[in-house]
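Dumped start.tsv below, it's TSV, C-alpha atoms and all ligand atoms:
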```tsv
chain	number	residue	atom	x	y	z
K	1	MET	CA	9.97	19.03	-13.91
K	2	THR	CA	12.82	16.60	-14.25
K	3	LYS	CA	16.22	17.10	-12.79
K	4	ASN	CA	17.97	17.96	-16.03
K	5	LYS	CA	15.58	20.84	-16.57
K	6	LYS	CA	16.95	22.59	-13.51
K	7	ARG	CA	18.79	25.78	-14.36
K	8	SER	CA	22.46	25.39	-13.62
K	9	LEU	CA	24.19	27.21	-10.80
K	10	ILE	CA	26.15	29.34	-13.25
K	11	ASP	CA	23.05	30.26	-15.27
K	12	ARG	CA	21.41	31.39	-12.06
K	13	LEU	CA	24.46	33.37	-10.96
K	14	ASN	CA	24.76	34.99	-14.38
K	15	THR	CA	21.27	36.40	-14.10
K	16	GLY	CA	21.13	37.42	-10.45
K	17	PRO	CA	21.64	36.47	-6.84
K	18	VAL	CA	21.72	32.89	-5.59
K	19	ILE	CA	21.01	32.34	-1.91
K	20	CYS	CA	22.57	29.52	0.08
K	21	ALA	CA	21.72	28.79	3.71
K	22	GLU	CA	24.57	27.33	5.73
K	23	GLY	CA	25.02	27.29	9.50
K	24	PHE	CA	23.32	23.96	10.07
K	25	LEU	CA	25.62	23.03	12.94
K	26	PHE	CA	24.62	25.93	15.18
K	27	GLU	CA	20.94	25.89	14.28
K	28	ILE	CA	20.49	22.14	14.72
K	29	GLU	CA	22.30	22.43	18.07
K	30	LYS	CA	19.97	25.24	19.14
K	31	ARG	CA	16.99	23.15	18.12
K	32	GLY	CA	18.21	20.45	20.47
K	33	TYR	CA	19.47	17.75	18.13
K	34	MET	CA	23.23	18.03	18.44
K	35	SER	CA	25.89	18.40	21.10
K	36	SER	CA	27.78	21.70	20.90
K	37	GLY	CA	31.55	21.38	20.80
K	38	GLU	CA	31.46	17.78	19.63
K	39	PHE	CA	29.42	18.88	16.62
K	40	VAL	CA	28.74	15.67	14.73
K	41	PRO	CA	25.78	15.78	12.32
K	42	MET	CA	24.17	12.56	13.57
K	43	VAL	CA	20.84	14.30	13.07
K	44	SER	CA	20.42	12.83	9.57
K	45	LEU	CA	20.25	9.37	11.17
K	46	GLU	CA	18.88	10.05	14.63
K	47	ASN	CA	16.30	12.79	13.94
K	48	PRO	CA	15.90	13.03	10.18
K	49	GLU	CA	12.64	14.95	10.47
K	50	ALA	CA	14.42	17.72	12.40
K	51	LEU	CA	16.93	18.12	9.59
K	52	LEU	CA	14.20	17.97	6.96
K	53	ASN	CA	12.30	20.69	8.81
K	54	LEU	CA	15.33	22.97	8.96
K	55	HIS	CA	15.96	22.54	5.23
K	56	ARG	CA	12.31	23.33	4.54
K	57	ASP	CA	12.44	26.39	6.77
K	58	PHE	CA	15.51	27.69	4.93
K	59	GLN	CA	13.86	26.91	1.60
K	60	HIS	CA	10.74	28.81	2.66
K	61	ALA	CA	13.03	31.69	3.60
K	62	GLY	CA	14.56	31.78	0.13
K	63	SER	CA	17.55	29.44	0.02
K	64	ASP	CA	18.06	28.37	-3.60
K	65	ILE	CA	20.53	25.70	-2.61
K	66	VAL	CA	19.83	22.78	-0.30
K	67	GLN	CA	23.21	21.89	1.09
K	68	ALA	CA	23.41	18.35	2.43
K	69	PHE	CA	24.34	18.52	6.09
K	70	THR	CA	27.54	16.50	6.02
K	71	TYR	CA	29.72	19.17	7.60
K	72	ASN	CA	31.99	17.29	10.04
K	73	GLY	CA	30.40	14.09	8.78
K	74	HIS	CA	33.76	12.76	7.63
K	75	ARG	CA	35.71	9.63	8.49
K	76	GLU	CA	38.06	11.32	10.96
K	77	LYS	CA	35.25	12.85	13.03
K	78	MET	CA	33.40	9.54	13.04
K	79	ARG	CA	36.58	7.93	14.35
K	80	VAL	CA	36.79	10.54	17.12
K	81	ILE	CA	33.34	9.54	18.36
K	82	GLY	CA	33.89	5.83	17.69
K	83	LYS	CA	31.15	5.47	15.10
K	84	GLU	CA	33.05	5.03	11.89
K	85	GLU	CA	30.62	2.35	10.72
K	86	LEU	CA	27.91	5.00	10.47
K	87	LEU	CA	29.91	7.22	8.11
K	88	GLU	CA	28.32	6.15	4.84
K	89	PRO	CA	24.76	5.82	6.20
K	90	LEU	CA	25.05	9.31	7.73
K	91	ASN	CA	26.26	10.82	4.48
K	92	ARG	CA	23.67	9.10	2.34
K	93	ALA	CA	20.83	9.99	4.71
K	94	ALA	CA	21.86	13.67	4.72
K	95	LEU	CA	22.12	13.71	0.93
K	96	GLN	CA	18.76	12.02	0.46
K	97	ILE	CA	17.03	14.45	2.81
K	98	ALA	CA	18.56	17.38	0.92
K	99	LYS	CA	17.50	15.86	-2.40
K	100	ASP	CA	13.91	15.38	-1.22
K	101	VAL	CA	13.69	19.03	-0.21
K	102	ALA	CA	15.41	20.35	-3.35
K	103	ILE	CA	13.01	18.66	-5.76
K	104	SER	CA	9.89	19.93	-4.01
K	105	PRO	CA	10.31	23.69	-3.85
K	106	VAL	CA	7.95	26.08	-2.13
K	107	GLY	CA	9.09	28.82	-4.48
K	108	LYS	CA	8.87	28.93	-8.25
K	109	GLU	CA	11.91	26.89	-9.09
K	110	GLN	CA	13.51	23.62	-8.04
K	111	ASN	CA	16.46	24.09	-5.72
K	112	LEU	CA	19.95	22.85	-6.35
K	113	MET	CA	21.07	20.02	-4.13
K	114	ALA	CA	24.66	20.38	-2.97
K	115	GLY	CA	27.06	17.73	-1.76
K	116	ASN	CA	29.39	19.08	0.88
K	117	ILE	CA	32.94	18.61	2.12
K	118	SER	CA	34.82	20.84	4.52
K	119	ASN	CA	37.83	21.35	6.76
K	120	SER	CA	39.08	17.96	7.92
K	121	ASN	CA	41.00	19.24	10.94
K	122	ILE	CA	43.80	16.73	10.37
K	123	TRP	CA	45.43	18.49	7.41
K	124	ASN	CA	49.10	19.05	8.24
K	125	GLN	CA	51.19	21.07	5.82
K	126	ASN	CA	54.33	19.15	6.81
K	127	ASP	CA	52.88	15.67	6.61
K	128	LYS	CA	52.12	14.22	3.22
K	129	LYS	CA	50.47	11.21	4.82
K	130	SER	CA	47.82	13.38	6.49
K	131	GLN	CA	47.21	15.10	3.16
K	132	LEU	CA	46.62	11.82	1.36
K	133	GLU	CA	44.29	10.74	4.14
K	134	VAL	CA	42.28	13.96	3.75
K	135	GLU	CA	42.12	13.51	-0.01
K	136	LYS	CA	40.74	10.02	0.51
K	137	MET	CA	38.12	11.35	2.93
K	138	PHE	CA	37.06	13.97	0.40
K	139	ARG	CA	36.89	11.44	-2.41
K	140	GLU	CA	34.62	9.02	-0.59
K	141	MET	CA	32.21	11.79	0.46
K	142	ILE	CA	32.13	13.30	-3.03
K	143	GLY	CA	31.49	9.82	-4.42
K	144	TRP	CA	28.39	9.45	-2.26
K	145	ALA	CA	27.23	12.95	-3.22
K	146	VAL	CA	27.48	12.15	-6.93
K	147	ASP	CA	25.75	8.83	-6.31
K	148	GLU	CA	22.84	10.64	-4.63
K	149	ASP	CA	22.44	13.07	-7.56
K	150	ALA	CA	24.03	16.25	-6.22
K	151	ASP	CA	23.63	19.14	-8.66
K	152	ILE	CA	26.66	21.01	-7.34
K	153	LEU	CA	29.47	20.48	-4.85
K	154	ILE	CA	30.47	22.81	-2.05
K	155	GLY	CA	33.85	22.70	-0.31
K	156	GLU	CA	33.87	25.10	2.61
K	157	THR	CA	35.48	26.47	5.74
K	158	PHE	CA	39.05	25.71	4.71
K	159	TYR	CA	41.80	27.44	6.65
K	160	TYR	CA	44.70	25.73	4.85
K	161	ALA	CA	45.05	26.88	1.24
K	162	GLU	CA	46.42	23.52	0.12
K	163	GLU	CA	43.53	21.68	1.72
K	164	ALA	CA	41.13	23.90	-0.24
K	165	TYR	CA	43.04	23.16	-3.46
K	166	THR	CA	42.83	19.44	-2.72
K	167	ALA	CA	39.08	19.69	-2.12
K	168	LEU	CA	38.68	21.52	-5.42
K	169	LYS	CA	40.75	18.93	-7.26
K	170	VAL	CA	38.53	16.11	-5.97
K	171	MET	CA	35.33	18.03	-6.69
K	172	LYS	CA	36.45	18.85	-10.23
K	173	GLU	CA	37.00	15.19	-11.04
K	174	THR	CA	33.21	14.82	-11.06
K	175	GLY	CA	32.53	17.54	-13.63
K	176	LEU	CA	29.91	19.12	-11.36
K	177	PRO	CA	29.93	22.87	-10.67
K	178	SER	CA	32.13	23.63	-7.68
K	179	VAL	CA	31.91	26.23	-4.94
K	180	VAL	CA	34.97	26.67	-2.70
K	181	THR	CA	34.96	29.04	0.24
K	182	ILE	CA	37.74	29.64	2.71
K	183	ALA	CA	37.62	30.61	6.38
K	184	PRO	CA	40.90	32.14	7.54
K	185	TYR	CA	41.47	32.55	11.27
K	186	GLY	CA	42.21	35.74	13.18
K	187	GLU	CA	45.75	36.14	11.81
K	188	ASN	CA	44.10	37.01	8.50
K	189	ILE	CA	46.21	34.56	6.55
K	190	MET	CA	45.81	30.90	5.67
K	191	ARG	CA	47.54	28.58	8.11
K	192	ASP	CA	50.03	27.51	5.46
K	193	GLY	CA	51.12	31.13	5.06
K	194	ILE	CA	49.29	31.96	1.82
K	195	SER	CA	47.34	35.20	1.75
K	196	ILE	CA	43.57	35.17	1.59
K	197	LEU	CA	43.58	36.88	-1.81
K	198	ASP	CA	46.27	34.64	-3.30
K	199	THR	CA	44.38	31.55	-2.13
K	200	CYS	CA	41.25	32.74	-3.89
K	201	LYS	CA	43.16	33.66	-7.06
K	202	GLU	CA	44.71	30.20	-7.09
K	203	LEU	CA	41.32	28.54	-6.59
K	204	GLU	CA	40.05	30.41	-9.63
K	205	GLN	CA	43.13	29.42	-11.63
K	206	ARG	CA	42.53	25.80	-10.71
K	207	GLY	CA	39.00	25.95	-12.04
K	208	GLY	CA	36.75	26.83	-9.12
K	209	ASP	CA	33.40	27.96	-10.52
K	210	VAL	CA	32.54	30.01	-7.44
K	211	VAL	CA	35.23	31.14	-4.99
K	212	GLY	CA	34.93	33.14	-1.80
K	213	MET	CA	34.63	33.07	1.96
K	214	ASN	CA	32.33	31.51	4.51
K	215	CYS	CA	32.15	31.10	8.28
K	216	HIS	CA	34.47	32.26	11.11
K	217	ARG	CA	33.98	35.96	10.29
K	218	GLY	CA	31.02	38.25	10.71
K	219	PRO	CA	30.05	40.85	8.12
K	220	ASN	CA	32.49	43.46	9.50
K	221	THR	CA	35.64	41.40	9.12
K	222	MET	CA	34.68	39.47	6.00
K	223	MET	CA	33.64	42.38	3.80
K	224	PRO	CA	37.09	44.02	3.41
K	225	TYR	CA	38.49	40.76	1.99
K	226	LEU	CA	35.46	40.13	-0.21
K	227	LYS	CA	36.01	43.52	-1.81
K	228	GLU	CA	39.58	42.58	-2.74
K	229	ILE	CA	38.53	39.15	-3.93
K	230	ARG	CA	35.72	40.51	-6.09
K	231	LYS	CA	38.11	42.99	-7.72
K	232	ALA	CA	40.77	40.37	-8.47
K	233	LEU	CA	38.66	37.45	-9.70
K	234	LYS	CA	36.64	36.97	-12.86
K	235	CYS	CA	34.60	34.00	-11.65
K	236	HIS	CA	31.55	34.28	-9.41
K	237	VAL	CA	32.32	35.15	-5.80
K	238	ALA	CA	30.64	33.85	-2.64
K	239	GLY	CA	30.19	35.56	0.73
K	240	LEU	CA	28.60	33.73	3.67
K	241	PRO	CA	29.51	35.35	7.00
K	242	ILE	CA	28.65	34.18	10.46
K	243	THR	CA	26.03	36.34	12.15
K	244	TYR	CA	28.17	37.75	14.94
K	245	ARG	CA	29.72	41.19	15.41
K	246	THR	CA	33.38	40.37	14.89
K	247	THR	CA	35.89	43.21	15.15
K	248	ASN	CA	39.37	44.08	13.87
K	249	ASP	CA	40.78	43.02	17.25
K	250	HIS	CA	38.81	39.79	17.10
K	251	PRO	CA	38.22	39.04	13.43
K	252	THR	CA	36.67	35.60	14.05
K	253	PHE	CA	34.15	34.22	16.52
K	254	PHE	CA	36.69	31.96	18.23
K	255	ASN	CA	37.97	34.59	20.65
K	256	LEU	CA	35.19	37.12	20.51
K	257	PRO	CA	34.76	38.71	23.97
K	258	ASP	CA	31.43	39.56	25.49
K	259	ASN	CA	32.12	43.18	26.38
K	260	ASN	CA	28.73	43.64	27.95
K	261	GLY	CA	29.90	41.38	30.73
K	262	CYS	CA	28.51	37.92	30.93
K	263	SER	CA	26.75	37.56	34.26
K	264	CYS	CA	26.40	33.81	34.29
K	265	ASN	CA	27.99	31.69	36.99
K	266	THR	CA	28.73	28.89	34.58
K	267	PRO	CA	32.43	28.64	33.85
K	268	HIS	CA	33.05	28.87	30.13
K	269	GLU	CA	36.53	29.83	28.96
K	270	THR	CA	35.35	31.38	25.73
K	271	THR	CA	32.11	32.75	24.38
K	272	PHE	CA	32.59	30.34	21.45
K	273	PRO	CA	30.49	28.42	20.75
K	274	THR	CA	27.85	28.47	23.46
K	275	ALA	CA	27.75	32.07	24.70
K	276	LEU	CA	27.98	34.11	21.51
K	277	ASP	CA	24.35	35.18	21.67
K	278	PRO	CA	24.90	38.77	22.90
K	279	MET	CA	27.13	39.45	19.87
K	280	GLN	CA	24.49	38.33	17.38
K	281	CYS	CA	23.95	40.65	14.41
K	282	ASN	CA	20.40	41.78	13.93
K	283	ARG	CA	18.51	41.22	10.68
K	284	TYR	CA	19.23	44.71	9.40
K	285	GLU	CA	22.99	44.23	9.74
K	286	ILE	CA	22.79	40.96	7.83
K	287	GLY	CA	20.59	42.57	5.19
K	288	GLN	CA	23.06	45.45	4.87
K	289	PHE	CA	25.92	43.02	4.31
K	290	ALA	CA	24.05	41.21	1.55
K	291	LYS	CA	23.02	44.44	-0.12
K	292	GLU	CA	26.55	45.82	-0.15
K	293	ALA	CA	28.06	42.53	-1.33
K	294	TYR	CA	25.55	42.23	-4.15
K	295	SER	CA	26.17	45.81	-5.23
K	296	LEU	CA	29.85	44.90	-5.57
K	297	GLY	CA	29.01	42.00	-7.87
K	298	ILE	CA	29.02	39.17	-5.35
K	299	ASN	CA	26.06	37.06	-6.43
K	300	TYR	CA	26.42	33.93	-4.29
K	301	LEU	CA	25.19	35.01	-0.89
K	302	GLY	CA	24.15	33.40	2.33
K	303	VAL	CA	24.76	33.10	6.02
K	304	CYS	CA	26.83	30.59	7.95
K	305	CYS	CA	26.92	29.90	11.72
K	306	GLY	CA	24.16	31.82	13.45
K	307	ALA	CA	21.91	31.55	10.39
K	308	THR	CA	18.21	31.37	11.03
K	309	PRO	CA	15.45	31.28	8.43
K	310	MET	CA	14.68	34.91	9.29
K	311	LEU	CA	18.24	35.95	8.40
K	312	ILE	CA	18.11	34.01	5.14
K	313	ARG	CA	14.90	35.82	4.24
K	314	GLU	CA	16.58	39.10	5.10
K	315	THR	CA	19.52	38.22	2.84
K	316	ALA	CA	17.20	37.35	-0.04
K	317	GLU	CA	15.06	40.45	0.36
K	318	ALA	CA	18.12	42.71	0.66
K	319	VAL	CA	19.07	41.76	-2.90
K	320	GLY	CA	15.60	42.32	-4.26
K	321	LEU	CA	14.09	38.85	-4.06
K	322	LYS	CA	10.61	38.04	-2.89
K	323	VAL	CA	10.49	34.66	-1.18
K	324	PRO	CA	7.67	32.59	0.32
K	325	ALA	CA	8.53	33.85	3.83
K	326	SER	CA	8.28	37.46	2.64
K	327	LYS	CA	4.59	37.15	3.42
K	328	TYR	CA	5.55	37.22	7.09
K	329	ARG	CA	8.16	39.94	7.19
K	330	GLU	CA	7.72	42.39	10.01
K	331	ASN	CA	4.67	44.60	9.92
K	332	MET	CA	4.90	47.12	12.71
K	333	GLU	CA	1.87	48.99	11.35
K	334	ASN	CA	-0.39	46.76	13.36
K	335	HIS	CA	1.68	46.52	16.51
K	336	TYR	CA	-0.47	47.26	19.55
K	337	MET	CA	1.71	50.16	20.72
K	338	PHE	CA	4.25	51.03	18.01
K	339	GLY	CA	1.83	50.69	15.10
K	340	LYS	CA	0.13	53.47	13.18
K	341	ASN	CA	-3.14	51.63	12.58
K	342	LYS	CA	-5.95	54.00	13.42
K	343	ARG	CA	-7.66	51.47	15.67
K	344	ILE	CA	-4.78	51.62	18.14
K	345	PRO	CA	-5.93	53.77	21.06
K	346	LYS	CA	-4.08	57.05	21.58
K	347	HIS	CA	-3.38	56.42	25.29
K	348	ILE	CA	-1.56	53.19	24.33
K	349	LYS	CA	0.44	54.82	21.51
K	350	ASP	CA	1.38	57.78	23.66
K	351	TYR	CA	2.93	55.53	26.27
K	352	ARG	CA	5.52	54.05	23.84
K	353	ASN	CA	8.54	55.96	25.17
K	354	LYS	CA	7.89	54.80	28.72
K	355	ALA	CA	7.11	51.19	27.86
K	401	ZN	ZN	29.88	28.54	9.93
```
Show this structure as structure tokens.
Amino acid sequence: MTKNKKRSLIDRLNTGPVICAEGFLFEIEKRGYMSSGEFVPMVSLENPEALLNLHRDFQHAGSDIVQAFTYNGHREKMRVIGKEELLEPLNRAALQIAKDVAISPVGKEQNLMAGNISNSNIWNQNDKKSQLEVEKMFREMIGWAVDEDADILIGETFYYAEEAYTALKVMKETGLPSVVTIAPYGENIMRDGISILDTCKELEQRGGDVVGMNCHRGPNTMMPYLKEIRKALKCHVAGLPITYRTTNDHPTFFNLPDNNGCSCNTPHETTFPTALDPMQCNRYEIGQFAKEAYSLGINYLGVCCGATPMLIRETAEAVGLKVPASKYRENMENHYMFGKNKRIPKHIKDYRNKA
């Protein structure tokens, strides 16, 4: 199959769910190839096989999109760590790895390779100079993505509305399908004072092909906004929550308390980002989110920070898909104590409530 025979993103969305694995930052960190907090995706240069493996694991679990891991791989971040000269090599390596995975699917169909830009963290609503700088950063990254044959472009995790609009403008210059997802903080409004819903409406007006939310919020605090967005927009909508149990008091993972009482003696001011584990959603909660979102008409689904291949499989299966990893979904029938297999001895089964 050649590249131009790939079904387009919109064709796929028009006929059913499209799954996109995000959350590379957290998962690569957990796998031991990135420093938490600093969060620079040097993995594409330093341990390319680790990144390739994660993409393949997500693909096996049902991700239809292979998103190049260039999150935080922008000029400003590279300046922070004093490695600006590695900016282009890092981007190209990440894009090439994603491309390699996308064109050799384990499922029936070739995956879409996505170029990726995201929150720059220098956007300042009162400083035009910072805005031009961000636009330049977006444009160079999008240029490399187009150069490396991206099928679609994803702009994500924006918490300034105007920064999201700028990302969309730059992405649209290429003519490629665009996905833009926003990630408002705990005040439930964009940092430049525009409401979540109005930001999404404006993104649609400005030509976003897929508009929605990703990151920062778990299923509980993302779903109410997705419902509003789905009702108000005509275009396809995206929902990619983090996998933590955020609450109305703490709508994002940045200030999420560990109410079970963390017993460690290591001083950490916040549970974010290294001690969130006890607030992790289980697979059924993630599946429930996907099922509900899909029933509302939200067809672009995935998981952001906290994503594991298992949770991507759960997302895919929750919306009726069978994926390569479905072969290995849980089978408690044959568990040595909880199973119902007739070979399991009665004295073992009977002990289950005391185990
Ligand atoms: Zn995330």
Which residues are near ligand ZN 401 (chain K) - at most 12 Å, using only C-alpha atoms and all ligand atoms? Format: as an MDAnalysis selection string. chainID K and resid 21:27 39 71:72 118:119 156:158 181:184 213:218 239:244 252:254 272:273 302:307
Output C-alpha atoms for every residue in the selection just made, as an mmCIF file, in the coordinates of the input.
```cif
data_model
loop_
_atom_site.group_PDB
_atom_site.id
_atom_site.type_symbol
_atom_site.label_atom_id
_atom_site.label_comp_id
_atom_site.auth_asym_id
_atom_site.auth_seq_id
_atom_site.Cartn_x
_atom_site.Cartn_y
_atom_site.Cartn_z
ATOM 1 C CA ALA K 21 21.720 28.790 3.710
ATOM 2 C CA GLU K 22 24.570 27.330 5.730
ATOM 3 C CA GLY K 23 25.020 27.290 9.500
ATOM 4 C CA PHE K 24 23.320 23.960 10.070
ATOM 5 C CA LEU K 25 25.620 23.030 12.940
ATOM 6 C CA PHE K 26 24.620 25.930 15.180
ATOM 7 C CA GLU K 27 20.940 25.890 14.280
ATOM 8 C CA PHE K 39 29.420 18.880 16.620
ATOM 9 C CA TYR K 71 29.720 19.170 7.600
ATOM 10 C CA ASN K 72 31.990 17.290 10.040
ATOM 11 C CA SER K 118 34.820 20.840 4.520
ATOM 12 C CA ASN K 119 37.830 21.350 6.760
ATOM 13 C CA GLU K 156 33.870 25.100 2.610
ATOM 14 C CA THR K 157 35.480 26.470 5.740
ATOM 15 C CA PHE K 158 39.050 25.710 4.710
ATOM 16 C CA THR K 181 34.960 29.040 0.240
ATOM 17 C CA ILE K 182 37.740 29.640 2.710
ATOM 18 C CA ALA K 183 37.620 30.610 6.380
ATOM 19 C CA PRO K 184 40.900 32.140 7.540
ATOM 20 C CA MET K 213 34.630 33.070 1.960
ATOM 21 C CA ASN K 214 32.330 31.510 4.510
ATOM 22 C CA CYS K 215 32.150 31.100 8.280
ATOM 23 C CA HIS K 216 34.470 32.260 11.110
ATOM 24 C CA ARG K 217 33.980 35.960 10.290
ATOM 25 C CA GLY K 218 31.020 38.250 10.710
ATOM 26 C CA GLY K 239 30.190 35.560 0.730
ATOM 27 C CA LEU K 240 28.600 33.730 3.670
ATOM 28 C CA PRO K 241 29.510 35.350 7.000
ATOM 29 C CA ILE K 242 28.650 34.180 10.460
ATOM 30 C CA THR K 243 26.030 36.340 12.150
ATOM 31 C CA TYR K 244 28.170 37.750 14.940
ATOM 32 C CA THR K 252 36.670 35.600 14.050
ATOM 33 C CA PHE K 253 34.150 34.220 16.520
ATOM 34 C CA PHE K 254 36.690 31.960 18.230
ATOM 35 C CA PHE K 272 32.590 30.340 21.450
ATOM 36 C CA PRO K 273 30.490 28.420 20.750
ATOM 37 C CA GLY K 302 24.150 33.400 2.330
ATOM 38 C CA VAL K 303 24.760 33.100 6.020
ATOM 39 C CA CYS K 304 26.830 30.590 7.950
ATOM 40 C CA CYS K 305 26.920 29.900 11.720
ATOM 41 C CA GLY K 306 24.160 31.820 13.450
ATOM 42 C CA ALA K 307 21.910 31.550 10.390
#
```
Per-residue nearest contacts stretch 63-155 of chain K to stretch 160-179 of chain K, cut-off 7 Å, using all atoms listed in the file, as JSON lines:
```
{"residue": "K:Trp123", "atom": "CA", "partner": "K:Glu163", "partner_atom": "CA", "distance": 6.8}
{"residue": "K:Glu135", "atom": "CA", "partner": "K:Thr166", "partner_atom": "CA", "distance": 6.6}
{"residue": "K:Phe138", "atom": "CA", "partner": "K:Ala167", "partner_atom": "CA", "distance": 6.6}
{"residue": "K:Arg139", "atom": "CA", "partner": "K:Val170", "partner_atom": "CA", "distance": 6.1}
{"residue": "K:Ile142", "atom": "CA", "partner": "K:Met171", "partner_atom": "CA", "distance": 6.8}
{"residue": "K:Asp151", "atom": "CA", "partner": "K:Leu176", "partner_atom": "CA", "distance": 6.8}
{"residue": "K:Ile152", "atom": "CA", "partner": "K:Pro177", "partner_atom": "CA", "distance": 5.0}
{"residue": "K:Leu153", "atom": "CA", "partner": "K:Ser178", "partner_atom": "CA", "distance": 5.0}
{"residue": "K:Ile154", "atom": "CA", "partner": "K:Val179", "partner_atom": "CA", "distance": 4.7}
{"residue": "K:Gly155", "atom": "CA", "partner": "K:Val179", "partner_atom": "CA", "distance": 6.1}
```
Could you pull out every residue with an atom within 10 Å of (27.5, 32.9, -8.1), file coordinates, counting only C-alpha atoms, and send them as a ChimeraX atom specification? /K:9-19,179,209-212,235-239,297-301
Find, counting all atoms listed in the file, the residue in K:Glu133, K:Ala150, K:Val40, K:Ile28 that gets nearest to K:Ile65.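 Checking each candidate against K:Ile65, we get K:Ala150 as the closest.
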Let me make sure I understand: among K:Asn121, K:Ser104, K:Gln110, K:Ser36, which one has the smallest atom-to-atom distance to K:Arg75 if we use all atoms listed in the file? K:Asn121
Nearest to K:Asn111 among K:Met190, K:Cys264, K:Leu86, K:Cys20, with distances taken over all atoms listed in the file: which residue is it?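 Of K:Met190, K:Cys264, K:Leu86, K:Cys20, the one nearest K:Asn111 is K:Cys20, counting all atoms listed in the file.
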Return as lines of an AutoDock Vina configuration file the box centre and box size in Å, one decimal, for an axis-aligned box around all listed atoms of stretch 183-188 of chain K padded by 5 Å per side.
```
center_x = 41.7
center_y = 33.8
center_z = 9.8
size_x = 18.1
size_y = 16.4
size_z = 16.8
```
What separation in Å, quoted to one decimal, exists between atom CA of K:Gly115 and atom CA of K:Leu54?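 Those two atoms sit 16.7 Å apart.
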Return the single residue from K:Asn334, K:Thr246, K:Ser8, K:Ser120 that is closest to K:Asn259, with distances computed using all atoms listed in the file. K:Thr246
For K:Glu330, work out the shell of residues within 12 Å, counting all atoms listed in the file and skipping chain neighbours fewer than 3 positions away, then give it as a ChimeraX atom specification. /K:283-284,310,313-314,325-327,333-335,339
